[in-house]
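Asks: Below is the file upload.cif, with mmCIF, C-alpha atoms and all ligand atoms.
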data_protein
loop_
_atom_site.label_atom_id
_atom_site.label_comp_id
_atom_site.auth_asym_id
_atom_site.auth_seq_id
_atom_site.Cartn_x
_atom_site.Cartn_y
_atom_site.Cartn_z
CA MET Y 1 0.00 0.00 0.00
CA SER Y 2 2.77 2.44 0.84
CA ASN Y 3 4.94 4.24 -1.69
CA ASN Y 4 2.37 4.55 -4.44
CA LYS Y 5 4.17 6.54 -7.04
CA TRP Y 6 1.17 8.65 -7.95
CA GLU Y 7 1.04 9.96 -4.42
CA SER Y 8 4.25 11.89 -4.92
CA PHE Y 9 2.41 13.93 -7.58
CA VAL Y 10 -0.57 14.76 -5.41
CA ARG Y 11 -1.17 18.44 -4.64
CA ARG Y 12 -1.24 18.08 -0.90
CA VAL Y 13 -3.12 20.66 1.09
CA GLU Y 14 -4.38 21.08 4.58
CA PRO Y 15 -8.00 22.04 4.03
CA TYR Y 16 -9.95 24.85 5.64
CA ILE Y 17 -12.14 23.61 8.48
CA PRO Y 18 -15.60 25.15 8.39
CA GLY Y 19 -17.69 25.59 11.54
CA GLU Y 20 -19.87 22.65 12.48
CA GLN Y 21 -23.34 22.25 10.94
CA PRO Y 22 -25.12 20.00 13.46
CA GLY Y 23 -28.05 17.88 12.25
CA ASP Y 24 -29.93 18.53 15.49
CA ALA Y 25 -32.48 21.33 14.94
CA ASN Y 26 -32.58 22.09 18.68
CA VAL Y 27 -29.06 23.42 18.69
CA ILE Y 28 -28.68 27.17 19.16
CA LYS Y 29 -26.22 27.87 16.40
CA LEU Y 30 -23.96 30.80 17.17
CA ASN Y 31 -20.87 29.33 15.52
CA THR Y 32 -20.81 30.34 11.84
CA ASN Y 33 -22.10 33.93 11.78
CA GLU Y 34 -25.26 33.00 9.93
CA ASN Y 35 -28.13 35.48 10.00
CA PRO Y 36 -30.88 34.40 12.42
CA TYR Y 37 -33.59 35.89 10.19
CA PRO Y 38 -34.88 34.34 6.95
CA PRO Y 39 -34.10 35.91 3.56
CA SER Y 40 -36.42 38.56 2.12
CA PRO Y 41 -39.97 37.34 1.42
CA ALA Y 42 -39.27 38.25 -2.21
CA VAL Y 43 -36.88 35.28 -2.32
CA LYS Y 44 -39.65 32.96 -1.12
CA ARG Y 45 -41.88 34.16 -3.96
CA ILE Y 46 -39.20 33.24 -6.52
CA LEU Y 47 -38.96 29.74 -5.05
CA ASP Y 48 -42.75 29.30 -5.02
CA ASP Y 49 -43.05 30.33 -8.67
CA PHE Y 50 -39.99 28.49 -9.95
CA ASP Y 51 -40.51 26.35 -13.04
CA CYS Y 52 -38.60 23.12 -12.46
CA GLY Y 53 -38.49 22.51 -16.21
CA ARG Y 54 -36.04 25.39 -16.43
CA MET Y 55 -33.41 23.12 -14.92
CA ARG Y 56 -32.94 21.40 -18.30
CA LEU Y 57 -31.12 24.46 -19.48
CA TYR Y 58 -27.71 25.74 -18.52
CA PRO Y 59 -27.89 28.91 -16.49
CA ASP Y 60 -26.82 32.29 -17.86
CA PRO Y 61 -23.01 32.08 -17.58
CA ASN Y 62 -22.85 35.85 -17.02
CA SER Y 63 -25.47 35.83 -14.23
CA GLU Y 64 -26.77 39.00 -15.80
CA VAL Y 65 -29.95 39.34 -13.75
CA LEU Y 66 -27.92 39.25 -10.53
CA VAL Y 67 -25.00 41.33 -11.79
CA ASP Y 68 -27.45 44.01 -12.98
CA ALA Y 69 -29.30 44.07 -9.65
CA VAL Y 70 -26.07 44.39 -7.66
CA ALA Y 71 -24.74 47.07 -10.04
CA GLU Y 72 -27.95 49.06 -9.72
CA TYR Y 73 -27.98 48.80 -5.93
CA TYR Y 74 -24.40 50.03 -5.55
CA GLY Y 75 -24.59 52.61 -8.36
CA LEU Y 76 -21.97 50.85 -10.51
CA LYS Y 77 -21.76 49.54 -14.06
CA PRO Y 78 -22.42 45.80 -14.54
CA SER Y 79 -18.86 45.56 -15.90
CA GLN Y 80 -17.62 46.49 -12.41
CA ILE Y 81 -19.25 43.45 -10.75
CA PHE Y 82 -18.05 39.84 -10.55
CA VAL Y 83 -20.38 37.30 -8.95
CA GLY Y 84 -19.45 33.89 -7.58
CA VAL Y 85 -20.67 30.96 -5.53
CA GLY Y 86 -20.18 32.59 -2.15
CA SER Y 87 -17.41 35.07 -1.51
CA ASP Y 88 -15.18 32.05 -0.86
CA ASP Y 89 -15.44 31.33 -4.58
CA VAL Y 90 -14.95 35.01 -5.43
CA ILE Y 91 -11.86 35.41 -3.23
CA SER Y 92 -10.37 32.13 -4.41
CA MET Y 93 -10.77 33.34 -8.03
CA ALA Y 94 -9.19 36.65 -7.06
CA PHE Y 95 -6.17 34.86 -5.52
CA LEU Y 96 -5.75 32.86 -8.71
CA THR Y 97 -6.19 35.91 -10.94
CA PHE Y 98 -4.20 38.60 -9.16
CA PHE Y 99 -1.64 36.95 -6.89
CA GLY Y 100 0.69 35.61 -9.57
CA SER Y 101 3.85 37.43 -8.52
CA HIS Y 102 6.74 35.72 -6.74
CA LYS Y 103 6.57 38.27 -3.95
CA PRO Y 104 4.56 37.35 -0.88
CA VAL Y 105 0.91 38.22 -0.45
CA LEU Y 106 0.35 39.98 2.87
CA PHE Y 107 -2.44 39.46 5.39
CA PRO Y 108 -2.78 39.68 9.19
CA ASN Y 109 -1.66 36.81 11.44
CA ILE Y 110 -5.14 36.72 12.95
CA THR Y 111 -7.71 36.73 10.19
CA TYR Y 112 -10.04 34.62 8.08
CA SER Y 113 -8.37 31.22 8.12
CA PHE Y 114 -9.12 30.53 4.46
CA TYR Y 115 -6.49 32.97 3.12
CA ASP Y 116 -3.47 30.82 3.92
CA VAL Y 117 -5.33 27.75 2.59
CA TRP Y 118 -5.90 29.42 -0.81
CA ALA Y 119 -2.31 30.63 -0.88
CA GLU Y 120 -1.14 27.06 -0.21
CA VAL Y 121 -3.40 25.38 -2.75
CA TYR Y 122 -2.34 27.81 -5.48
CA SER Y 123 1.33 27.84 -4.36
CA ILE Y 124 1.25 31.59 -3.74
CA PRO Y 125 3.95 32.83 -1.34
CA TYR Y 126 2.54 34.72 1.63
CA GLN Y 127 3.58 36.48 4.77
CA THR Y 128 1.43 37.27 7.79
CA LYS Y 129 1.71 40.58 9.65
CA PRO Y 130 0.98 40.60 13.39
CA LEU Y 131 -1.98 42.64 14.55
CA ARG Y 132 -1.31 45.15 17.30
CA GLU Y 133 -2.10 44.20 20.90
CA ASP Y 134 -5.62 45.63 20.53
CA PHE Y 135 -6.17 43.57 17.33
CA THR Y 136 -5.96 46.61 15.03
CA ILE Y 137 -3.93 46.58 11.81
CA ASP Y 138 -0.76 48.67 11.55
CA PRO Y 139 -0.89 50.17 8.03
CA ASP Y 140 2.90 50.50 7.96
CA ASP Y 141 3.13 46.69 7.85
CA TYR Y 142 1.55 46.83 4.39
CA LYS Y 143 3.89 49.29 2.72
CA GLY Y 144 6.82 47.05 1.82
CA GLU Y 145 7.26 44.99 -1.34
CA ASN Y 146 4.47 42.48 -1.79
CA GLY Y 147 2.56 40.41 -4.33
CA GLY Y 148 -0.85 41.53 -3.08
CA ILE Y 149 -2.74 42.37 0.09
CA ILE Y 150 -5.94 41.02 1.58
CA PHE Y 151 -7.78 41.48 4.84
CA PRO Y 152 -11.38 41.54 6.00
CA ASN Y 153 -12.90 44.78 7.22
CA PRO Y 154 -14.24 44.37 9.87
CA ASN Y 155 -11.61 41.72 10.51
CA ALA Y 156 -12.62 38.17 11.38
CA PRO Y 157 -12.71 36.70 13.94
CA THR Y 158 -11.89 39.87 15.90
CA GLY Y 159 -14.77 42.08 14.66
CA VAL Y 160 -12.48 45.12 14.59
CA LEU Y 161 -13.36 47.76 11.99
CA GLU Y 162 -10.66 49.83 10.29
CA SER Y 163 -11.37 53.26 8.81
CA VAL Y 164 -11.75 54.01 5.11
CA ASP Y 165 -8.88 56.49 5.50
CA MET Y 166 -6.59 53.75 6.70
CA ILE Y 167 -7.54 51.53 3.75
CA ASP Y 168 -6.97 54.50 1.43
CA GLU Y 169 -3.50 54.89 2.92
CA ILE Y 170 -2.67 51.21 2.28
CA VAL Y 171 -4.00 51.18 -1.30
CA ARG Y 172 -2.18 54.45 -2.06
CA ALA Y 173 1.09 52.90 -0.88
CA ASN Y 174 0.63 49.86 -3.16
CA PRO Y 175 0.06 50.95 -6.76
CA ASP Y 176 1.91 47.84 -7.98
CA SER Y 177 -0.26 45.17 -6.40
CA VAL Y 178 -3.92 44.33 -6.04
CA VAL Y 179 -5.47 45.06 -2.66
CA ILE Y 180 -8.54 43.01 -1.73
CA ILE Y 181 -10.81 44.17 1.08
CA ASP Y 182 -13.12 41.37 2.22
CA GLU Y 183 -16.24 43.17 3.46
CA ALA Y 184 -18.18 40.08 4.56
CA TYR Y 185 -19.43 41.96 7.66
CA ILE Y 186 -19.50 45.57 6.47
CA ASP Y 187 -23.31 45.84 6.55
CA PHE Y 188 -23.42 45.62 10.34
CA GLY Y 189 -22.46 49.21 10.99
CA GLY Y 190 -19.15 49.67 9.18
CA GLU Y 191 -18.33 52.16 6.45
CA SER Y 192 -17.55 50.47 3.14
CA CYS Y 193 -14.42 51.44 1.22
CA LEU Y 194 -16.36 50.94 -2.03
CA PRO Y 195 -16.09 54.63 -3.09
CA LEU Y 196 -12.32 54.11 -3.30
CA ILE Y 197 -12.68 51.87 -6.37
CA GLU Y 198 -13.27 55.04 -8.42
CA LYS Y 199 -9.95 56.38 -7.18
CA TYR Y 200 -7.79 53.23 -7.43
CA ASP Y 201 -7.80 50.71 -10.28
CA ASN Y 202 -6.12 48.06 -8.10
CA LEU Y 203 -8.69 47.85 -5.28
CA LEU Y 204 -11.14 44.95 -5.20
CA VAL Y 205 -14.00 45.05 -2.67
CA VAL Y 206 -15.64 41.69 -1.91
CA GLN Y 207 -19.01 41.23 -0.22
CA THR Y 208 -21.38 38.32 0.38
CA PHE Y 209 -25.08 37.49 0.68
CA SER Y 210 -24.25 34.94 3.39
CA LYS Y 211 -24.34 37.20 6.42
CA SER Y 212 -26.29 40.44 6.02
CA ARG Y 213 -28.67 39.04 3.39
CA SER Y 214 -29.42 35.75 5.20
CA MET Y 215 -28.47 33.53 2.28
CA ALA Y 216 -25.44 31.49 3.39
CA GLY Y 217 -27.12 28.39 1.97
CA MET Y 218 -27.61 29.88 -1.48
CA ARG Y 219 -23.89 30.67 -1.92
CA ILE Y 220 -23.68 34.17 -3.43
CA GLY Y 221 -20.70 36.48 -3.21
CA PHE Y 222 -19.55 39.36 -5.38
CA ALA Y 223 -16.58 41.58 -6.06
CA MET Y 224 -16.64 45.23 -7.10
CA GLY Y 225 -13.79 47.06 -8.75
CA ASN Y 226 -12.33 48.62 -11.84
CA GLU Y 227 -13.65 47.09 -15.10
CA LYS Y 228 -10.20 45.76 -15.90
CA LEU Y 229 -9.95 43.83 -12.62
CA ILE Y 230 -13.39 42.34 -13.20
CA LYS Y 231 -12.57 41.35 -16.76
CA TYR Y 232 -9.40 39.55 -15.65
CA MET Y 233 -11.39 37.65 -13.01
CA ASN Y 234 -14.01 36.64 -15.53
CA ASP Y 235 -11.32 35.42 -17.92
CA VAL Y 236 -10.03 33.08 -15.21
CA LYS Y 237 -13.51 31.98 -14.19
CA PHE Y 238 -14.48 31.18 -17.78
CA SER Y 239 -11.28 29.15 -18.07
CA ILE Y 240 -12.36 26.86 -15.26
CA ASN Y 241 -16.16 26.65 -15.17
CA SER Y 242 -18.51 28.99 -17.05
CA TYR Y 243 -21.63 27.88 -15.22
CA THR Y 244 -20.72 28.35 -11.59
CA MET Y 245 -23.95 29.93 -10.42
CA ASN Y 246 -27.25 28.17 -11.03
CA HIS Y 247 -30.31 29.87 -12.45
CA LEU Y 248 -32.43 29.75 -9.30
CA THR Y 249 -29.65 31.29 -7.22
CA GLN Y 250 -29.26 34.14 -9.71
CA LEU Y 251 -33.00 34.91 -9.48
CA CYS Y 252 -33.12 34.70 -5.68
CA GLY Y 253 -30.03 36.87 -5.30
CA ALA Y 254 -31.44 39.56 -7.57
CA GLU Y 255 -34.69 39.69 -5.59
CA ALA Y 256 -32.85 39.80 -2.27
CA VAL Y 257 -30.70 42.75 -3.26
CA LYS Y 258 -33.73 44.70 -4.53
CA ASP Y 259 -35.50 44.42 -1.16
CA ASP Y 260 -33.60 47.19 0.56
CA THR Y 261 -36.27 47.80 3.21
CA TYR Y 262 -36.07 44.25 4.53
CA PHE Y 263 -32.28 44.33 4.41
CA ARG Y 264 -32.16 47.51 6.46
CA GLU Y 265 -34.67 46.20 9.00
CA THR Y 266 -32.89 42.91 9.64
CA THR Y 267 -29.38 44.33 9.80
CA ALA Y 268 -30.62 47.05 12.19
CA LYS Y 269 -32.19 44.39 14.42
CA ILE Y 270 -28.92 42.45 14.55
CA ILE Y 271 -26.98 45.62 15.42
CA THR Y 272 -29.43 46.40 18.25
CA THR Y 273 -29.14 42.86 19.60
CA ARG Y 274 -25.34 43.01 19.33
CA GLU Y 275 -25.15 46.15 21.45
CA ARG Y 276 -27.41 44.56 24.07
CA VAL Y 277 -25.24 41.43 24.04
CA LYS Y 278 -22.16 43.58 24.69
CA LEU Y 279 -23.70 45.02 27.86
CA ARG Y 280 -24.74 41.64 29.20
CA LEU Y 281 -21.44 39.93 28.35
CA ARG Y 282 -19.59 42.69 30.18
CA GLU Y 283 -21.72 42.06 33.28
CA LEU Y 284 -20.85 38.37 33.02
CA GLY Y 285 -17.12 39.14 33.16
CA PHE Y 286 -16.20 39.06 29.48
CA THR Y 287 -13.92 41.49 27.69
CA PHE Y 288 -14.07 41.98 23.92
CA THR Y 289 -13.30 44.27 21.05
CA ASP Y 290 -15.94 46.79 20.00
CA SER Y 291 -17.30 44.54 17.25
CA LYS Y 292 -18.91 46.10 14.20
CA SER Y 293 -19.89 42.69 12.81
CA ASN Y 294 -22.57 40.12 13.55
CA PHE Y 295 -20.41 38.37 16.13
CA ILE Y 296 -18.48 39.20 19.29
CA PHE Y 297 -14.96 37.95 19.99
CA ALA Y 298 -14.83 37.60 23.74
CA ALA Y 299 -12.53 36.35 26.50
CA HIS Y 300 -13.64 35.69 30.07
CA SER Y 301 -11.77 37.15 33.04
CA SER Y 302 -11.60 33.92 35.06
CA MET Y 303 -12.75 30.92 33.02
CA ALA Y 304 -10.88 29.42 30.05
CA ALA Y 305 -12.59 29.80 26.68
CA SER Y 306 -12.11 26.10 25.93
CA GLU Y 307 -14.04 25.21 29.08
CA ILE Y 308 -16.91 27.60 28.37
CA PHE Y 309 -16.98 26.30 24.80
CA SER Y 310 -17.43 22.65 25.81
CA LYS Y 311 -19.91 23.44 28.55
CA LEU Y 312 -22.03 25.48 26.16
CA LYS Y 313 -21.84 22.69 23.62
CA LYS Y 314 -23.20 20.22 26.20
CA ARG Y 315 -26.15 22.56 26.55
CA LYS Y 316 -26.57 22.56 22.79
CA ILE Y 317 -25.31 26.08 22.33
CA TYR Y 318 -22.61 26.16 19.67
CA VAL Y 319 -20.09 29.00 19.46
CA ARG Y 320 -16.69 28.99 17.71
CA TYR Y 321 -13.39 28.31 19.41
CA TRP Y 322 -9.86 28.01 17.96
CA ASN Y 323 -7.10 26.32 19.88
CA LYS Y 324 -4.48 28.59 18.32
CA PRO Y 325 -1.83 30.91 19.76
CA ILE Y 326 -2.98 34.42 20.79
CA ILE Y 327 -6.70 33.66 20.33
CA CYS Y 328 -7.02 30.45 22.36
CA ASN Y 329 -8.75 32.26 25.20
CA TYR Y 330 -11.44 33.77 22.98
CA LEU Y 331 -14.85 32.63 21.88
CA ARG Y 332 -16.47 33.93 18.72
CA ILE Y 333 -20.16 34.29 19.42
CA SER Y 334 -22.49 34.98 16.48
CA ILE Y 335 -25.43 37.30 17.08
CA GLY Y 336 -28.69 35.33 16.95
CA THR Y 337 -32.23 36.44 17.76
CA ASP Y 338 -32.89 38.13 21.11
CA GLU Y 339 -34.44 34.88 22.37
CA GLU Y 340 -31.38 32.87 21.39
CA MET Y 341 -29.08 35.36 23.09
CA ASP Y 342 -31.19 35.21 26.26
CA ARG Y 343 -30.77 31.42 26.29
CA LEU Y 344 -27.03 31.96 25.89
CA PHE Y 345 -26.94 34.37 28.86
CA GLU Y 346 -28.83 31.87 31.08
CA ALA Y 347 -26.39 29.12 30.15
CA LEU Y 348 -23.37 31.38 30.71
CA GLU Y 349 -24.65 32.44 34.14
CA ASP Y 350 -24.95 28.77 35.14
CA ILE Y 351 -21.55 27.84 33.75
CA ILE Y 352 -19.68 30.76 35.28
CA ASN Y 353 -21.31 30.48 38.72
CA GLU Y 354 -21.11 26.67 38.88
C1 LIG D 1 -18.19 34.26 5.95
C2 LIG D 1 -16.95 34.86 5.38
C3 LIG D 1 -16.62 34.74 4.02
C4 LIG D 1 -17.29 33.79 3.09
O1 LIG D 1 -18.56 33.81 2.96
P1 LIG D 1 -19.33 33.10 1.80
O2 LIG D 1 -20.38 32.34 2.51
O3 LIG D 1 -18.40 32.18 1.04
O4 LIG D 1 -19.82 34.20 0.98
C5 LIG D 1 -15.53 35.42 3.53
N1 LIG D 1 -14.75 36.15 4.33
C6 LIG D 1 -15.00 36.26 5.63
C7 LIG D 1 -14.09 37.07 6.47
C8 LIG D 1 -16.09 35.60 6.20
O5 LIG D 1 -16.30 35.66 7.50
#
Please, can you express the file's structure as structure tokens?

Replies:
Amino acid sequence: MSNNKWESFVRRVEPYIPGEQPGDANVIKLNTNENPYPPSPAVKRILDDFDCGRMRLYPDPNSEVLVDAVAEYYGLKPSQIFVGVGSDDVISMAFLTFFGSHKPVLFPNITYSFYDVWAEVYSIPYQTKPLREDFTIDPDDYKGENGGIIFPNPNAPTGVLESVDMIDEIVRANPDSVVIIDEAYIDFGGESCLPLIEKYDNLLVVQTFSKSRSMAGMRIGFAMGNEKLIKYMNDVKFSINSYTMNHLTQLCGAEAVKDDTYFRETTAKIITTRERVKLRLRELGFTFTDSKSNFIFAAHSSMAASEIFSKLKKRKIYVRYWNKPIICNYLRISIGTDEEMDRLFEALEDIINE
């Protein structure tokens, strides 16, 4: 069995580990930053009216109905929008398209744990830059030679938001490489750096329908940038798989983005809950960054995060925990409904006072 020759030609990678998706419907799921509210009712209408016979046909490879809706919503031209199967697909395409230099791509040491996985799978050199003590990014770390830059804003899993001015400073210092800002959580109170794409042709802004638009299961992400960037991404995409996004998803995504009222209502509710959660967590002895996302990254003053994590899990409350340096005493707690958060507080009270 050992020493199969073909195995020496295998592209070996250590895969990304997604948060758990338990089969048990009674679990309170605060571990993958999903939105606790359903998608816009307009999405439900599309599903109800969908003609199954349409599945015979390949979908529109350009996802025009969705691209047009996103372009309209953000006041851009359709040629400035790239859509993909979740922003994971979009960012992976962007790595493949833009990070072809031999210089290292830069990202923070504490960040979305998919970036190093994509760099590895595509054999892209990379270098991580340590966050400051307070988990903020030092812009000076991103001014040396590099083959590209990527970070989320707000950052994950810390929830820390950086200013548009700071992003402007980093993009300005890097005219020779593509800078990708992953705005997966920007709709929860942050200011998007999107206006900067008119100023810089090398800035790509990536967003997703998975968090603020309640559609993690549909898999829709998109990138916005200069037409040239978008064209290069589409060239790569069409060289791998033209039909990435299915027809039904394109229709549902377009309806979701048009329903701005619902979007504003649900994101506002999550922000209100988040601020309430901050007050209560503080009373319970937690410290945390001032999150501008739909999760809170919190450490307890006297009890180890790993212990709280397992005790919550026993009570069927799932949060996210990483046994990694620097962050091993933190829990990432997604913001659920008010009822779900109240159940969390009851459980935490029990666990901490046990
Ligand atoms: C959730 C998340 C994504 C990916 O989301 P998709 O579901 O693939 O759209 C990308 N970046 C960050 C930082 C995330 O937290």

Asks: Per residue of range 237-329 of chain Y within 6 Å of range 42-61 of chain Y, which atom pair is closest and at what distance in Å (one decimal), using all atoms listed in the file, listed by chain and increasing number, as JSON lines?

Replies:
{"residue": "Y:Ser242", "atom": "CA", "partner": "Y:Pro61", "partner_atom": "CA", "distance": 5.5}
{"residue": "Y:Tyr243", "atom": "CA", "partner": "Y:Pro61", "partner_atom": "CA", "distance": 5.0}
{"residue": "Y:Asn246", "atom": "CA", "partner": "Y:Pro59", "partner_atom": "CA", "distance": 5.5}
{"residue": "Y:His247", "atom": "CA", "partner": "Y:Pro59", "partner_atom": "CA", "distance": 4.8}
{"residue": "Y:Cys252", "atom": "CA", "partner": "Y:Val43", "partner_atom": "CA", "distance": 5.1}
{"residue": "Y:Glu255", "atom": "CA", "partner": "Y:Ala42", "partner_atom": "CA", "distance": 5.9}

Asks: Can you report as AutoDock Vina command-line options the centre and edge lengths in Å, to one decimal, of an axis-aligned box around the listed atoms of ligand LIG 1 (chain D) padded with 4 Å on each side?

Replies:
--center_x -17.2 --center_y 34.6 --center_z 4.2 --size_x 14.3 --size_y 12.9 --size_z 14.5

Asks: Can you work out which one of Y:Val67, Y:Val206, Y:Leu194, Y:Ala256 has the shortest atom-to-atom distance to Ser92 in chain Y, counting only C-alpha atoms?

Replies: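 Closest candidate: Y:Val206.
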
Asks: List all protein, DNA and RNA residues that have any atom at most 6 Å from ligand LIG 1 (chain D), counting all atoms listed in the file, and write the list as a list of chain:residue names.

Replies: Y:Gly86, Y:Ser87, Y:Asp88, Y:Tyr112, Y:Pro152, Y:Ala156, Y:Asp182, Y:Ala184, Y:Thr208, Y:Ser210, Y:Ala216, Y:Arg219, Y:Ile220, Y:Gly221

Asks: For CA of Leu96 in chain Y and CA of Asn62 in chain Y, determine how far apart the two atoms are, in Å to one decimal place.

Replies: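 Distance between the two atoms: 19.2 Å.
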
Asks: When distances are computed from all atoms listed in the file, which of Y:Phe82, Y:Gly23, Y:Tyr37, Y:Ala298 shows the smallest separation from Phe238 in chain Y?

Replies: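 Closest to Phe238 in chain Y, using all atoms listed in the file: Y:Phe82.
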
Asks: What does the distance from CA of Gly253 in chain Y to CA of Tyr122 in chain Y come to in Å, to one decimal?

Replies: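 CA of Gly253 in chain Y sits 29.1 Å away from CA of Tyr122 in chain Y.
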
Asks: Mind pulling up the distance from CA of Val117 in chain Y to CA of Asp235 in chain Y?

Replies: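 According to the coordinates, CA of Asp235 in chain Y and CA of Val117 in chain Y are separated by 22.7 Å.
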
Asks: Looking at all atoms listed in the file, which of Y:Ile91, Y:Val179, Y:Met224, Y:Val171 is the one that sits closest to Tyr73 in chain Y?

Replies: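 Going through Y:Ile91, Y:Val179, Y:Met224, Y:Val171 one by one, the smallest distance to Tyr73 in chain Y is for Y:Met224.
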
Asks: Using only C-alpha atoms, find all polymer residues with an atom at most 7 Å away from the point (-34.6, 40.0, -12.4); report them as a list in words.

Replies: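 With a cut-off of 7 Å, the residues come to Val65, Leu66, Leu251, Ala254 and Glu255 of chain Y.
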
Asks: Selected residues, C-alpha atoms, written as a PDB file, in the coordinates of the input, please.

Replies:
ATOM      1  CA  VAL Y  65     -29.950  39.340 -13.750  1.00  0.00           C
ATOM      2  CA  LEU Y  66     -27.920  39.250 -10.530  1.00  0.00           C
ATOM      3  CA  LEU Y 251     -33.000  34.910  -9.480  1.00  0.00           C
ATOM      4  CA  ALA Y 254     -31.440  39.560  -7.570  1.00  0.00           C
ATOM      5  CA  GLU Y 255     -34.690  39.690  -5.590  1.00  0.00           C
TER       6      GLU Y 255
END

Asks: Excluding same-chain residues fewer than 2 positions from Ala347 in chain Y, what lies within 12 Å of it counting all atoms listed in the file, as a PDB file with C-alpha atoms, in the coordinates of the input?

Replies:
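Just written: selection-v1.pdb:
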ATOM      1  CA  ILE Y  28     -28.680  27.170  19.160  1.00  0.00           C
ATOM      2  CA  LEU Y 284     -20.850  38.370  33.020  1.00  0.00           C
ATOM      3  CA  ILE Y 308     -16.910  27.600  28.370  1.00  0.00           C
ATOM      4  CA  PHE Y 309     -16.980  26.300  24.800  1.00  0.00           C
ATOM      5  CA  SER Y 310     -17.430  22.650  25.810  1.00  0.00           C
ATOM      6  CA  LYS Y 311     -19.910  23.440  28.550  1.00  0.00           C
ATOM      7  CA  LEU Y 312     -22.030  25.480  26.160  1.00  0.00           C
ATOM      8  CA  LYS Y 313     -21.840  22.690  23.620  1.00  0.00           C
ATOM      9  CA  LYS Y 314     -23.200  20.220  26.200  1.00  0.00           C
ATOM     10  CA  ARG Y 315     -26.150  22.560  26.550  1.00  0.00           C
ATOM     11  CA  LYS Y 316     -26.570  22.560  22.790  1.00  0.00           C
ATOM     12  CA  ILE Y 317     -25.310  26.080  22.330  1.00  0.00           C
ATOM     13  CA  TYR Y 318     -22.610  26.160  19.670  1.00  0.00           C
ATOM     14  CA  GLU Y 340     -31.380  32.870  21.390  1.00  0.00           C
ATOM     15  CA  MET Y 341     -29.080  35.360  23.090  1.00  0.00           C
ATOM     16  CA  ASP Y 342     -31.190  35.210  26.260  1.00  0.00           C
ATOM     17  CA  ARG Y 343     -30.770  31.420  26.290  1.00  0.00           C
ATOM     18  CA  LEU Y 344     -27.030  31.960  25.890  1.00  0.00           C
ATOM     19  CA  PHE Y 345     -26.940  34.370  28.860  1.00  0.00           C
ATOM     20  CA  GLU Y 349     -24.650  32.440  34.140  1.00  0.00           C
ATOM     21  CA  ASP Y 350     -24.950  28.770  35.140  1.00  0.00           C
ATOM     22  CA  ILE Y 351     -21.550  27.840  33.750  1.00  0.00           C
ATOM     23  CA  ILE Y 352     -19.680  30.760  35.280  1.00  0.00           C
ATOM     24  CA  ASN Y 353     -21.310  30.480  38.720  1.00  0.00           C
ATOM     25  CA  GLU Y 354     -21.110  26.670  38.880  1.00  0.00           C
TER      26      GLU Y 354
END

Asks: Give the answer as one residue: which of Y:Phe98, Y:Met93, Y:Glu275, Y:Pro130 has the shortest atom-to-atom distance to Asn202 in chain Y, using all atoms listed in the file?

Replies: Y:Phe98

Asks: So, counting only C-alpha atoms, which residue among Y:Asn26, Y:Asp168, Y:Ser306, Y:Asp260 is closest to Asn323 in chain Y?

Replies: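 The answer is Y:Ser306, which sits nearest to Asn323 in chain Y.
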
Asks: Which is closer to Arg282 in chain Y than all the others in Y:Asn294, Y:Ser212, Y:Ser301, Y:Asn234, using all atoms listed in the file?

Replies: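 For Arg282 in chain Y, the nearest of the given residues is Y:Ser301.
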
Asks: Hey, what's within 10 Å of Lys231 in chain Y if we count only C-alpha atoms and toss same-chain stuff fewer than 3 positions away? As an MDAnalysis selection string, please?

Replies: chainID Y and resid 79:82 225:228 234:237
